[in-house]
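Text of the file input-v1.txt, holding compact mmCIF, C-alpha atoms:
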# COMPACT_ATOMS: atom_id res chain seq x y z
CA MET A 1 -0.27 20.31 35.55
CA ALA A 2 3.50 20.50 35.89
CA ALA A 3 5.76 20.38 32.87
CA GLY A 4 6.55 16.85 31.74
CA GLN A 5 3.39 15.39 33.26
CA GLY A 6 1.42 13.15 30.95
CA PRO A 7 -0.83 10.15 30.55
CA ARG A 8 -0.88 7.15 32.84
CA ARG A 9 1.08 8.79 35.67
CA GLU A 10 0.86 6.22 38.49
CA ARG A 11 1.70 6.57 42.17
CA ALA A 12 1.69 4.08 44.98
CA ALA A 13 -0.94 4.29 47.72
CA ASN A 14 1.52 5.99 50.06
CA GLY A 15 2.18 8.77 47.50
CA THR A 16 5.72 7.70 46.66
CA ALA A 17 7.09 7.76 43.12
CA PRO A 18 6.53 4.65 40.97
CA SER A 19 9.13 1.92 40.78
CA ALA A 20 12.32 2.94 39.02
CA ARG A 21 11.86 0.87 35.92
CA PRO A 22 14.16 1.79 33.03
CA ALA A 23 12.61 4.18 30.55
CA VAL A 24 12.64 4.45 26.76
CA PHE A 25 12.67 8.09 25.57
CA VAL A 26 11.32 8.46 22.04
CA ASP A 27 11.56 11.61 19.94
CA LEU A 28 8.47 12.43 17.86
CA ASP A 29 9.10 14.06 14.48
CA ARG A 30 11.12 11.99 11.96
CA THR A 31 11.73 9.38 14.66
CA LEU A 32 8.42 7.95 15.79
CA LEU A 33 6.61 9.69 12.93
CA ARG A 34 7.53 9.60 9.24
CA GLY A 35 7.74 13.40 9.09
CA ALA A 36 6.86 16.61 10.91
CA SER A 37 3.80 16.77 13.14
CA GLY A 38 3.52 20.56 12.68
CA PRO A 39 1.27 20.59 9.58
CA VAL A 40 -1.18 18.15 11.19
CA LEU A 41 -1.27 20.10 14.45
CA GLY A 42 -1.74 23.32 12.49
CA ARG A 43 -4.76 21.90 10.65
CA ALA A 44 -6.28 20.79 13.94
CA LEU A 45 -5.79 24.25 15.46
CA ARG A 46 -7.53 25.76 12.44
CA GLU A 47 -10.36 23.28 12.78
CA VAL A 48 -11.09 24.40 16.34
CA GLY A 49 -10.85 28.04 15.29
CA LEU A 50 -7.60 29.01 17.02
CA LEU A 51 -5.65 29.65 13.81
CA GLU A 52 -6.88 31.65 10.87
CA GLY A 53 -5.45 32.27 7.44
CA PRO A 54 -2.21 30.86 6.03
CA GLY A 55 0.71 29.82 8.18
CA LEU A 56 3.85 31.78 8.87
CA PRO A 57 5.83 32.96 5.80
CA GLY A 58 7.96 30.10 4.45
CA GLU A 59 6.40 27.57 6.83
CA GLY A 60 5.67 25.05 4.08
CA LEU A 61 9.21 25.18 2.71
CA LEU A 62 10.67 24.76 6.19
CA TYR A 63 8.58 21.67 6.82
CA ALA A 64 9.54 20.20 3.44
CA ALA A 65 13.22 20.77 4.23
CA TYR A 66 12.68 19.32 7.69
CA ASP A 67 11.17 16.11 6.34
CA LEU A 68 14.10 15.71 3.95
CA LEU A 69 17.10 16.90 5.96
CA GLY A 70 15.99 17.01 9.58
CA GLU A 71 15.89 19.62 12.29
CA SER A 72 17.57 23.00 11.92
CA LEU A 73 17.82 26.27 13.80
CA ALA A 74 15.21 27.65 11.39
CA THR A 75 12.62 25.03 12.37
CA ILE A 76 13.29 25.63 16.05
CA GLY A 77 12.82 29.34 15.41
CA LEU A 78 9.44 28.44 13.93
CA VAL A 79 8.55 26.59 17.14
CA ARG A 80 9.44 29.65 19.22
CA LEU A 81 7.35 31.94 16.99
CA ALA A 82 4.43 29.52 17.22
CA ALA A 83 4.40 29.90 21.01
CA LEU A 84 3.98 33.67 20.70
CA ARG A 85 0.91 33.19 18.48
CA THR A 86 -0.89 31.26 21.22
CA ARG A 87 -1.42 34.26 23.50
CA GLY A 88 -5.02 34.35 24.70
CA TRP A 89 -5.97 30.89 23.41
CA PRO A 90 -8.23 28.85 25.74
CA GLU A 91 -6.25 25.85 26.88
CA ALA A 92 -9.34 23.66 26.57
CA GLU A 93 -9.46 24.36 22.83
CA VAL A 94 -5.75 23.59 22.45
CA LEU A 95 -6.33 20.27 24.16
CA ARG A 96 -9.27 19.61 21.84
CA ALA A 97 -7.04 20.29 18.83
CA GLY A 98 -4.61 17.70 20.18
CA GLU A 99 -7.43 15.16 20.41
CA LEU A 100 -8.43 15.89 16.81
CA ALA A 101 -4.86 15.54 15.55
CA ALA A 102 -4.02 12.33 17.42
CA PRO A 103 -5.59 9.78 15.01
CA THR A 104 -3.93 11.39 11.98
CA LEU A 105 -0.57 11.50 13.73
CA ALA A 106 -0.98 7.86 14.76
CA GLY A 107 -1.33 7.04 11.07
CA MET A 108 2.10 8.61 10.50
CA VAL A 109 3.92 6.27 12.90
CA GLN A 110 6.89 4.55 11.28
CA PRO A 111 5.84 1.02 10.21
CA TYR A 112 8.43 -0.83 12.28
CA ALA A 113 8.14 1.39 15.39
CA PRO A 114 5.19 -0.45 17.03
CA ALA A 115 7.10 -3.74 17.14
CA ALA A 116 10.17 -2.05 18.65
CA LEU A 117 8.09 -0.29 21.30
CA ALA A 118 6.11 -3.46 22.04
CA ALA A 119 9.37 -5.29 22.75
CA HIS A 120 10.36 -2.61 25.27
CA ARG A 121 6.91 -2.73 26.84
CA ALA A 122 7.11 -6.53 27.12
CA ALA A 123 10.47 -6.14 28.88
CA GLY A 124 8.79 -3.94 31.53
CA ARG A 125 10.28 -0.61 30.46
CA GLN A 126 8.43 2.69 30.60
CA LEU A 127 7.71 4.44 27.30
CA VAL A 128 8.18 8.21 27.40
CA LEU A 129 7.49 10.55 24.50
CA ALA A 130 10.29 13.17 24.61
CA THR A 131 9.62 15.98 22.16
CA THR A 132 9.95 19.69 21.53
CA SER A 133 6.30 19.77 20.43
CA PRO A 134 3.79 21.30 22.87
CA GLU A 135 2.73 18.87 25.56
CA GLN A 136 -0.88 20.05 25.42
CA LEU A 137 -1.03 19.05 21.74
CA VAL A 138 0.80 15.71 21.82
CA ARG A 139 -0.50 14.27 25.08
CA PRO A 140 -3.55 12.73 23.32
CA LEU A 141 -1.25 11.00 20.82
CA ALA A 142 0.87 9.60 23.64
CA ARG A 143 -2.26 8.26 25.31
CA LEU A 144 -3.50 6.75 22.03
CA LEU A 145 -0.15 5.00 21.48
CA ASP A 146 -0.07 3.76 25.10
CA PHE A 147 2.97 5.75 26.23
CA ASP A 148 3.44 5.98 29.98
CA ASP A 149 4.45 9.63 30.12
CA VAL A 150 5.40 12.74 28.18
CA VAL A 151 8.39 15.07 28.48
CA ALA A 152 7.63 18.02 26.21
CA THR A 153 7.56 21.79 25.88
CA ARG A 154 4.63 23.19 27.80
CA TYR A 155 2.74 26.37 27.03
CA GLN A 156 2.24 28.65 30.02
CA VAL A 157 -1.36 29.01 31.22
CA ALA A 158 -3.05 31.68 33.35
CA ASP A 159 -6.77 31.66 34.15
CA GLY A 160 -7.38 28.92 31.61
CA ARG A 161 -5.71 30.79 28.72
CA LEU A 162 -2.27 30.56 27.17
CA THR A 163 -0.02 33.55 27.84
CA GLY A 164 2.22 33.20 24.80
CA GLY A 165 5.12 32.11 26.99
CA LEU A 166 6.53 28.76 28.09
CA ASP A 167 6.12 26.94 31.38
CA GLY A 168 9.80 26.11 31.83
CA GLU A 169 12.35 26.00 29.04
CA LEU A 170 12.03 24.80 25.48
CA VAL A 171 12.47 21.00 25.48
CA TRP A 172 15.11 20.99 22.75
CA GLY A 173 18.83 20.28 22.65
CA LEU A 174 20.31 20.74 26.08
CA GLY A 175 16.83 21.70 27.26
CA LYS A 176 15.51 18.25 26.33
CA TRP A 177 18.39 16.56 28.11
CA ARG A 178 17.75 18.64 31.26
CA ALA A 179 14.01 17.91 31.13
CA VAL A 180 14.59 14.17 30.75
CA ALA A 181 17.21 14.19 33.52
CA ALA A 182 14.76 16.00 35.83
CA TRP A 183 12.04 13.48 34.96
CA ALA A 184 14.39 10.61 35.77
CA ARG A 185 15.58 12.11 39.09
CA ALA A 186 12.01 12.66 40.25
CA ARG A 187 11.27 8.97 39.72
CA GLY A 188 14.54 7.42 40.80
CA VAL A 189 15.33 6.22 37.27
CA ASP A 190 18.98 5.71 36.39
CA LEU A 191 19.55 7.08 32.87
CA ARG A 192 22.37 4.58 32.41
CA THR A 193 19.71 1.84 32.29
CA CYS A 194 17.55 3.72 29.77
CA TRP A 195 17.13 3.93 25.99
CA ALA A 196 16.73 7.00 23.80
CA TYR A 197 15.71 7.16 20.13
CA SER A 198 16.17 10.25 17.95
CA ASP A 199 16.88 11.44 14.43
CA ALA A 200 18.42 14.84 15.29
CA VAL A 201 21.97 15.84 16.07
CA PHE A 202 20.51 18.37 18.53
CA ASP A 203 19.49 15.39 20.70
CA ALA A 204 23.12 14.30 21.08
CA PRO A 205 23.20 15.42 24.77
CA LEU A 206 20.27 13.13 25.55
CA LEU A 207 21.65 10.25 23.49
CA GLY A 208 24.97 10.58 25.28
CA ALA A 209 23.31 10.54 28.70
CA VAL A 210 21.52 7.19 28.38
CA GLY A 211 23.05 3.77 28.45
CA ASN A 212 21.41 2.63 25.23
CA PRO A 213 21.32 5.37 22.57
CA ARG A 214 19.75 4.58 19.20
CA VAL A 215 19.58 6.75 16.10
CA VAL A 216 16.52 6.44 13.86
CA HIS A 217 16.49 7.96 10.36
CA PRO A 218 19.39 10.21 11.45
CA ASP A 219 20.10 13.55 9.84
CA PRO A 220 23.51 13.72 8.10
CA ARG A 221 25.29 15.23 11.09
CA LEU A 222 23.89 12.71 13.56
CA ARG A 223 24.81 9.85 11.23
CA LEU A 224 28.44 11.01 11.23
CA LEU A 225 28.45 11.45 15.00
CA ALA A 226 26.80 8.08 15.58
CA ARG A 227 29.40 6.29 13.46
CA ALA A 228 32.20 8.12 15.23
CA VAL A 229 31.06 7.22 18.76
CA GLY A 230 29.46 3.87 17.99
CA TRP A 231 25.76 4.62 18.49
CA PRO A 232 23.73 1.94 16.70
CA GLU A 233 21.33 2.92 13.93
CA GLU A 234 17.93 1.26 14.12
CA PRO A 235 15.63 1.87 11.14
CA TRP A 236 11.92 2.07 11.91
CA ASP A 237 10.83 2.68 8.32
CA ARG A 238 12.18 -0.58 6.87
CA PRO A 239 13.77 -3.88 7.93
CA PRO A 240 17.45 -3.93 8.95
CA GLY A 241 19.79 -4.30 6.00
CA VAL A 242 17.47 -2.78 3.41
CA LEU A 243 19.33 -0.11 1.46
CA LYS A 244 17.75 3.33 1.34
CA LEU A 245 18.97 6.39 -0.56
CA GLY A 246 17.21 9.46 0.79
CA PRO A 247 13.47 8.72 0.86
CA PHE A 248 13.78 5.80 -1.59
CA GLU A 249 14.58 2.14 -1.04
CA LEU A 250 16.76 0.45 -3.64
CA ALA A 251 13.67 -1.43 -4.81
CA ASP A 252 11.91 1.90 -5.44
CA LEU A 253 14.76 3.05 -7.66
CA LEU A 254 14.69 -0.19 -9.65
CA ARG A 255 10.90 -0.19 -10.10
CA PRO A 256 10.89 1.94 -13.30
CA VAL A 257 13.17 -0.56 -15.07
CA LEU A 258 11.38 -3.67 -13.76
CA ARG A 259 9.21 -4.03 -16.84
CA PRO A 260 8.56 -6.99 -19.12
CA GLU A 261 10.48 -5.20 -21.89
CA ALA A 262 13.66 -5.58 -19.83
CA PHE A 263 13.50 -9.36 -20.41
CA PRO A 264 13.10 -9.81 -24.19
CA TYR A 265 13.77 -13.54 -23.94
CA ALA A 266 10.35 -14.09 -22.30
CA ARG A 267 6.76 -13.02 -23.06
CA PHE A 268 4.70 -12.14 -20.00
CA VAL A 269 0.98 -12.22 -19.30
CA LEU A 270 0.12 -10.76 -15.89
CA GLU A 271 -3.49 -11.20 -14.78
CA GLY A 272 -5.51 -10.36 -11.68
CA LEU A 273 -3.20 -7.82 -10.04
CA GLU A 274 -6.27 -5.81 -9.04
CA ARG A 275 -7.08 -8.60 -6.57
CA VAL A 276 -4.12 -7.65 -4.36
CA PRO A 277 -5.23 -5.24 -1.59
CA GLY A 278 -3.83 -1.75 -2.04
CA GLU A 279 -2.91 -1.35 1.62
CA GLY A 280 -2.37 -3.40 4.74
CA PRO A 281 -0.48 -6.69 5.19
CA VAL A 282 -0.65 -9.23 2.38
CA LEU A 283 0.87 -12.67 1.90
CA LEU A 284 1.50 -13.39 -1.79
CA ALA A 285 1.84 -17.17 -2.03
CA ALA A 286 3.25 -18.53 -5.31
CA ASN A 287 4.16 -21.95 -6.65
CA HIS A 288 7.85 -22.51 -7.40
CA ARG A 289 8.96 -23.78 -10.82
CA SER A 290 12.20 -21.97 -11.69
CA TYR A 291 14.83 -19.51 -10.57
CA PHE A 292 13.10 -17.17 -13.03
CA ASP A 293 10.11 -17.07 -10.65
CA VAL A 294 11.95 -14.26 -8.89
CA VAL A 295 11.70 -12.09 -12.02
CA ALA A 296 8.02 -12.90 -12.55
CA LEU A 297 7.14 -12.05 -8.96
CA ALA A 298 9.30 -8.92 -9.03
CA LEU A 299 7.25 -7.70 -12.02
CA VAL A 300 4.09 -8.19 -9.96
CA VAL A 301 5.48 -6.27 -6.99
CA ALA A 302 6.75 -3.48 -9.25
CA ARG A 303 3.26 -3.07 -10.70
CA LEU A 304 1.75 -2.94 -7.23
CA GLY A 305 4.09 -0.12 -6.18
CA ARG A 306 4.14 -1.19 -2.53
CA PRO A 307 7.01 -2.24 -0.22
CA ALA A 308 7.45 -5.99 -0.43
CA ARG A 309 9.74 -8.52 1.25
CA PHE A 310 10.70 -11.89 -0.23
CA LEU A 311 11.32 -15.06 1.75
CA ALA A 312 14.25 -17.02 0.34
CA LYS A 313 16.54 -19.78 1.54
CA GLN A 314 19.55 -18.80 3.62
CA GLU A 315 21.97 -20.19 1.03
CA LEU A 316 21.04 -17.39 -1.36
CA PHE A 317 22.08 -14.77 1.18
CA ASP A 318 25.35 -16.56 1.84
CA ALA A 319 26.41 -16.20 -1.80
CA PRO A 320 28.84 -13.38 -2.68
CA LEU A 321 27.35 -10.37 -4.46
CA VAL A 322 23.90 -11.95 -4.74
CA GLY A 323 23.47 -12.22 -0.97
CA PRO A 324 24.14 -8.56 -0.10
CA LEU A 325 21.97 -7.46 -3.02
CA ALA A 326 19.12 -9.67 -1.84
CA ARG A 327 19.32 -8.14 1.64
CA ALA A 328 19.50 -4.61 0.27
CA LEU A 329 16.34 -5.26 -1.75
CA GLY A 330 14.42 -6.50 1.28
CA GLY A 331 14.91 -10.25 1.12
CA ILE A 332 14.24 -12.28 4.26
CA PRO A 333 16.59 -15.26 4.74
CA VAL A 334 15.06 -18.51 5.96
CA ASP A 335 17.34 -21.09 7.57
CA ARG A 336 15.42 -24.27 6.82
CA ARG A 337 17.56 -26.25 9.23
CA GLY A 338 17.03 -23.90 12.18
CA ASP A 339 14.10 -22.95 14.40
CA PRO A 340 11.06 -22.42 12.13
CA ALA A 341 9.54 -19.81 14.44
CA ALA A 342 12.75 -17.77 14.42
CA ALA A 343 12.93 -18.00 10.64
CA LEU A 344 9.44 -16.54 10.29
CA GLU A 345 9.88 -13.72 12.82
CA PRO A 346 11.19 -11.11 10.32
CA ALA A 347 8.30 -11.92 8.00
CA ARG A 348 5.82 -11.49 10.84
CA ARG A 349 7.29 -8.06 11.64
CA ALA A 350 7.01 -7.04 7.99
CA LEU A 351 3.35 -8.04 7.91
CA GLU A 352 2.67 -6.22 11.16
CA ALA A 353 4.24 -3.17 9.51
CA GLY A 354 1.56 -3.42 6.81
CA GLU A 355 3.83 -4.65 4.02
CA ILE A 356 3.64 -7.36 1.39
CA VAL A 357 5.49 -10.61 2.04
CA VAL A 358 6.09 -12.94 -0.91
CA VAL A 359 6.46 -16.62 -0.06
CA THR A 360 6.72 -19.86 -2.02
CA PRO A 361 5.15 -22.37 0.40
CA GLN A 362 6.80 -25.34 -1.36
CA GLY A 363 10.11 -23.97 -0.10
CA THR A 364 12.07 -25.22 -3.08
CA ILE A 365 11.62 -26.19 -6.74
CA PRO A 366 10.16 -29.73 -6.81
CA ARG A 367 12.50 -32.38 -8.18
CA GLY A 368 11.84 -35.31 -10.47
CA ARG A 369 8.25 -36.50 -10.85
CA ALA A 370 7.12 -34.14 -8.09
CA PHE A 371 7.66 -31.25 -10.52
CA TYR A 372 4.66 -32.49 -12.56
CA ASP A 373 2.43 -33.36 -9.62
CA PRO A 374 -0.84 -31.38 -10.02
CA VAL A 375 -1.24 -31.29 -6.24
CA LEU A 376 1.25 -28.84 -4.72
CA ARG A 377 2.51 -29.64 -1.25
CA GLY A 378 3.63 -26.70 0.85
CA LYS A 379 5.14 -26.23 4.25
CA THR A 380 3.15 -24.62 7.06
CA GLY A 381 4.97 -21.27 7.31
CA CYS A 382 2.54 -19.31 5.13
CA ALA A 383 -0.48 -20.54 7.07
CA ARG A 384 1.21 -19.82 10.40
CA LEU A 385 2.07 -16.27 9.32
CA ALA A 386 -1.52 -15.70 8.23
CA ALA A 387 -2.85 -17.03 11.52
CA ALA A 388 -0.42 -14.93 13.57
CA THR A 389 -1.03 -11.64 11.77
CA GLY A 390 -4.46 -11.86 10.17
CA ALA A 391 -2.89 -11.05 6.79
CA PRO A 392 -4.90 -12.28 3.80
CA VAL A 393 -3.27 -14.92 1.60
CA VAL A 394 -3.40 -14.10 -2.12
CA PRO A 395 -2.39 -17.08 -4.30
CA ILE A 396 -0.33 -16.57 -7.44
CA GLY A 397 0.01 -19.17 -10.18
CA LEU A 398 3.25 -19.17 -12.17
CA PHE A 399 3.40 -21.00 -15.49
CA GLY A 400 6.20 -21.29 -18.03
CA THR A 401 9.09 -19.84 -16.02
CA GLU A 402 10.92 -23.17 -16.27
CA ALA A 403 11.08 -22.71 -20.06
CA VAL A 404 13.11 -19.55 -19.51
CA TRP A 405 15.38 -20.89 -16.79
CA PRO A 406 15.35 -24.67 -16.27
CA ARG A 407 16.48 -25.90 -12.91
CA SER A 408 19.34 -27.76 -14.59
CA ALA A 409 20.71 -24.58 -16.22
CA ARG A 410 23.14 -22.23 -14.52
CA LEU A 411 21.76 -19.20 -16.37
CA PRO A 412 18.47 -18.27 -18.07
CA ARG A 413 18.12 -18.87 -21.78
CA VAL A 414 18.68 -15.28 -22.86
CA THR A 415 19.13 -16.18 -26.53
CA GLN A 416 15.43 -16.94 -27.05
CA VAL A 417 14.62 -13.41 -28.17
CA LEU A 418 13.24 -14.47 -31.57
CA ASP A 419 10.79 -16.99 -30.10
CA PRO A 420 10.50 -16.24 -26.37
CA PRO A 421 8.51 -18.68 -24.24
CA LEU A 422 5.27 -17.54 -22.62
CA VAL A 423 5.34 -16.84 -18.89
CA GLN A 424 1.91 -16.53 -17.28
CA VAL A 425 1.37 -14.95 -13.86
CA LYS A 426 -2.19 -15.29 -12.53
CA VAL A 427 -3.24 -13.72 -9.25

Rewrite the structure from the file as structure tokens, please.
Amino acid sequence: MAAGQGPRRERAANGTAPSARPAVFVDLDRTLLRGASGPVLGRALREVGLLEGPGLPGEGLLYAAYDLLGESLATIGLVRLAALRTRGWPEAEVLRAGELAAPTLAGMVQPYAPAALAAHRAAGRQLVLATTSPEQLVRPLARLLDFDDVVATRYQVADGRLTGGLDGELVWGLGKWRAVAAWARARGVDLRTCWAYSDAVFDAPLLGAVGNPRVVHPDPRLRLLARAVGWPEEPWDRPPGVLKLGPFELADLLRPVLRPEAFPYARFVLEGLERVPGEGPVLLAANHRSYFDVVALALVVARLGRPARFLAKQELFDAPLVGPLARALGGIPVDRRGDPAAALEPARRALEAGEIVVVTPQGTIPRGRAFYDPVLRGKTGCARLAAATGAPVVPIGLFGTEAVWPRSARLPRVTQVLDPPLVQVKV
């Protein structure tokens, strides 16, 4: 098989190349995946008996630095050394290792990547995995994720065994750009109509060659370059606008201080948190009694220790200071006067990414006699999100928050520290 060949290669009946649909070239490590694929591939190679003993000296430290800071000349040197170790390996066993590794690697896909790739697929574009990793090892992953093709480094094979050399050049830096350009020429694809996604400054030649470059989780050098030349940054590990400092979201950094003790003017009883699933999409649906509900629900989310997004009215996000902070923390604005389906789309994407979405189906704090109505009347958004995504709905009852912050008050009653009202949160 020639270099760059991969799954789902299609040709017309007359043998001509497929139609020149635009392509989307996606880097693998730290772009499509949350980290490096090397450790997973290494374990699979050991499982089939091709690798024995510990890895190369310093391999673990290099991968840790890679996950944190991105690609370096040292990690590429590791890739070159890895090729030399393959001499004499049966290609069939290498392919089997790739099959073993594929499900684990698929579990490392960035949470918001599937939705982005699905949008390209729906628009009729080809999805191409473009990576320095060995094609024999990543082809099964590309097939599992429904990519159309692979452009990758290929180990040289003779008589069914790897020689320790490469079939063509290393698909990295200028080599990746040349490999992608050759792939496009062979299929009549104009790179100016294509997309490319990468995290590494070494992929700058490829990003500069396509009409729609995107940087994903960029290393420090690529972030500077992207801002200088105007390449958009598209996060696949979180929603747009959510602030992240290194590996931590702002909400992660605030979690240690989000404790009941931080609010001495209220006493909290939190019950039933163990009923919230520990993984997968979840809709937390709460009644709405007070502006202080935000604090009560934030305490729940902090205890759960999972990424969570809050639906809130658009007016909150329009406010100075509060609005930007709400976005940075993962809030989802809902324009109640606009298209309901459009308002719920960000929440749907968050659920499809396996996150928690917190919603108050009533939409606003009830006014007048409705505040005391024992039958709560909600809007349909929560049910529609559950139906669209299959996410379970976990109800939360809030009691007593209005005694801390009445709707009529501009600020919470922070002076009640000697006799704080009871706030009950029941999942």

Mind giving me the straight-line distance from CA of Val24 (chain A) to CA of Arg223 (chain A) in Å, one decimal?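 It comes out at 20.5 Å.
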
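Shortest separation to Leu191 (chain A) among A:Arg407, A:His120, A:Arg377, A:Arg21 occurs at residue A:Arg21, atoms counted being all atoms listed in the file.
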
Counting all atoms listed in the file, which residues in region 27-143 of chain A sit no more than 8 Å from region 153-168 of chain A? For each one, give the nearest pair of atoms and the distance in Å, sorted by chain then residue number, as a Markdown table.
| residue | atom | partner | partner_atom | distance |
| --- | --- | --- | --- | --- |
| A:Ala83 | CA | A:Gly164 | CA | 5.5 |
| A:Leu84 | CA | A:Gly164 | CA | 4.5 |
| A:Arg85 | CA | A:Gly164 | CA | 6.5 |
| A:Thr86 | CA | A:Gly164 | CA | 5.1 |
| A:Arg87 | CA | A:Gly164 | CA | 4.0 |
| A:Gly88 | CA | A:Leu162 | CA | 5.3 |
| A:Trp89 | CA | A:Leu162 | CA | 5.3 |
| A:Pro90 | CA | A:Arg161 | CA | 4.4 |
| A:Glu91 | CA | A:Arg161 | CA | 5.3 |
| A:Ala92 | CA | A:Gly160 | CA | 7.5 |
| A:Thr131 | CA | A:Thr153 | CA | 7.2 |
| A:Thr132 | CA | A:Thr153 | CA | 5.4 |
| A:Ser133 | CA | A:Thr153 | CA | 5.9 |
| A:Pro134 | CA | A:Thr153 | CA | 4.8 |
| A:Glu135 | CA | A:Arg154 | CA | 5.2 |
| A:Gln136 | CA | A:Arg154 | CA | 6.8 |

Pick from A:Gly390, A:Gly397, A:Gly49, A:Pro420, whichever lies nearest to Leu297 (chain A) using all atoms listed in the file: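 Counting all atoms listed in the file, the residue closest to Leu297 (chain A) is A:Gly397.
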
Need to verify the contact set: Thr389 (chain A), 7 Å, all atoms listed in the file, exclusion of same-chain residues closer than 2 positions in sequence. Can you return it as number ranges by chain? A: 348, 351-352, 385-387, 391

Env of Glu402 (chain A): 8 Å cut, atoms = all atoms listed in the file, seq-sep filter 4 positions within chain, self excluded. Answer as an MDAnalysis selection string. chainID A and resid 289:292 406:407

Could you state the separation of CA of Ala101 (chain A) and CA of Pro281 (chain A) in Å, given to one decimal place?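 Those two atoms sit 24.9 Å apart.
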
Would you mind reading off the distance between CA of Arg259 (chain A) and CA of Leu422 (chain A), one decimal, in Å? 15.2 Å

Could you add whatever atoms are missing so that region 25-36 of chain A carries N, CA and C atoms, then write the result as an mmCIF file, in the frame of the given file?
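File produced: rebuild09.cif:
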data_model
loop_
_atom_site.group_PDB
_atom_site.id
_atom_site.type_symbol
_atom_site.label_atom_id
_atom_site.label_comp_id
_atom_site.auth_asym_id
_atom_site.auth_seq_id
_atom_site.Cartn_x
_atom_site.Cartn_y
_atom_site.Cartn_z
ATOM 1 N N PHE A 25 13.037 6.734 25.984
ATOM 2 C CA PHE A 25 12.670 8.090 25.570
ATOM 3 C C PHE A 25 12.659 8.151 24.044
ATOM 4 N N VAL A 26 11.521 8.514 23.491
ATOM 5 C CA VAL A 26 11.320 8.460 22.040
ATOM 6 C C VAL A 26 11.009 9.854 21.521
ATOM 7 N N ASP A 27 11.835 10.346 20.616
ATOM 8 C CA ASP A 27 11.560 11.610 19.940
ATOM 9 C C ASP A 27 10.359 11.411 19.010
ATOM 10 N N LEU A 28 9.701 12.518 18.651
ATOM 11 C CA LEU A 28 8.470 12.430 17.860
ATOM 12 C C LEU A 28 8.717 12.569 16.364
ATOM 13 N N ASP A 29 9.031 13.785 15.910
ATOM 14 C CA ASP A 29 9.100 14.060 14.480
ATOM 15 C C ASP A 29 10.322 13.410 13.830
ATOM 16 N N ARG A 30 10.090 12.690 12.727
ATOM 17 C CA ARG A 30 11.120 11.990 11.960
ATOM 18 C C ARG A 30 11.762 10.834 12.731
ATOM 19 N N THR A 31 11.276 10.557 13.926
ATOM 20 C CA THR A 31 11.730 9.380 14.660
ATOM 21 C C THR A 31 10.559 8.423 14.804
ATOM 22 N N LEU A 32 9.635 8.756 15.677
ATOM 23 C CA LEU A 32 8.420 7.950 15.790
ATOM 24 C C LEU A 32 7.525 8.141 14.574
ATOM 25 N N LEU A 33 7.440 9.380 14.100
ATOM 26 C CA LEU A 33 6.610 9.690 12.930
ATOM 27 C C LEU A 33 7.466 9.749 11.670
ATOM 28 N N ARG A 34 6.820 9.562 10.509
ATOM 29 C CA ARG A 34 7.530 9.600 9.240
ATOM 30 C C ARG A 34 7.993 11.009 8.878
ATOM 31 N N GLY A 35 7.369 12.023 9.419
ATOM 32 C CA GLY A 35 7.740 13.400 9.090
ATOM 33 C C GLY A 35 7.382 14.325 10.232
ATOM 34 N N ALA A 36 7.152 15.590 9.897
ATOM 35 C CA ALA A 36 6.860 16.610 10.910
ATOM 36 C C ALA A 36 5.399 16.548 11.330
#
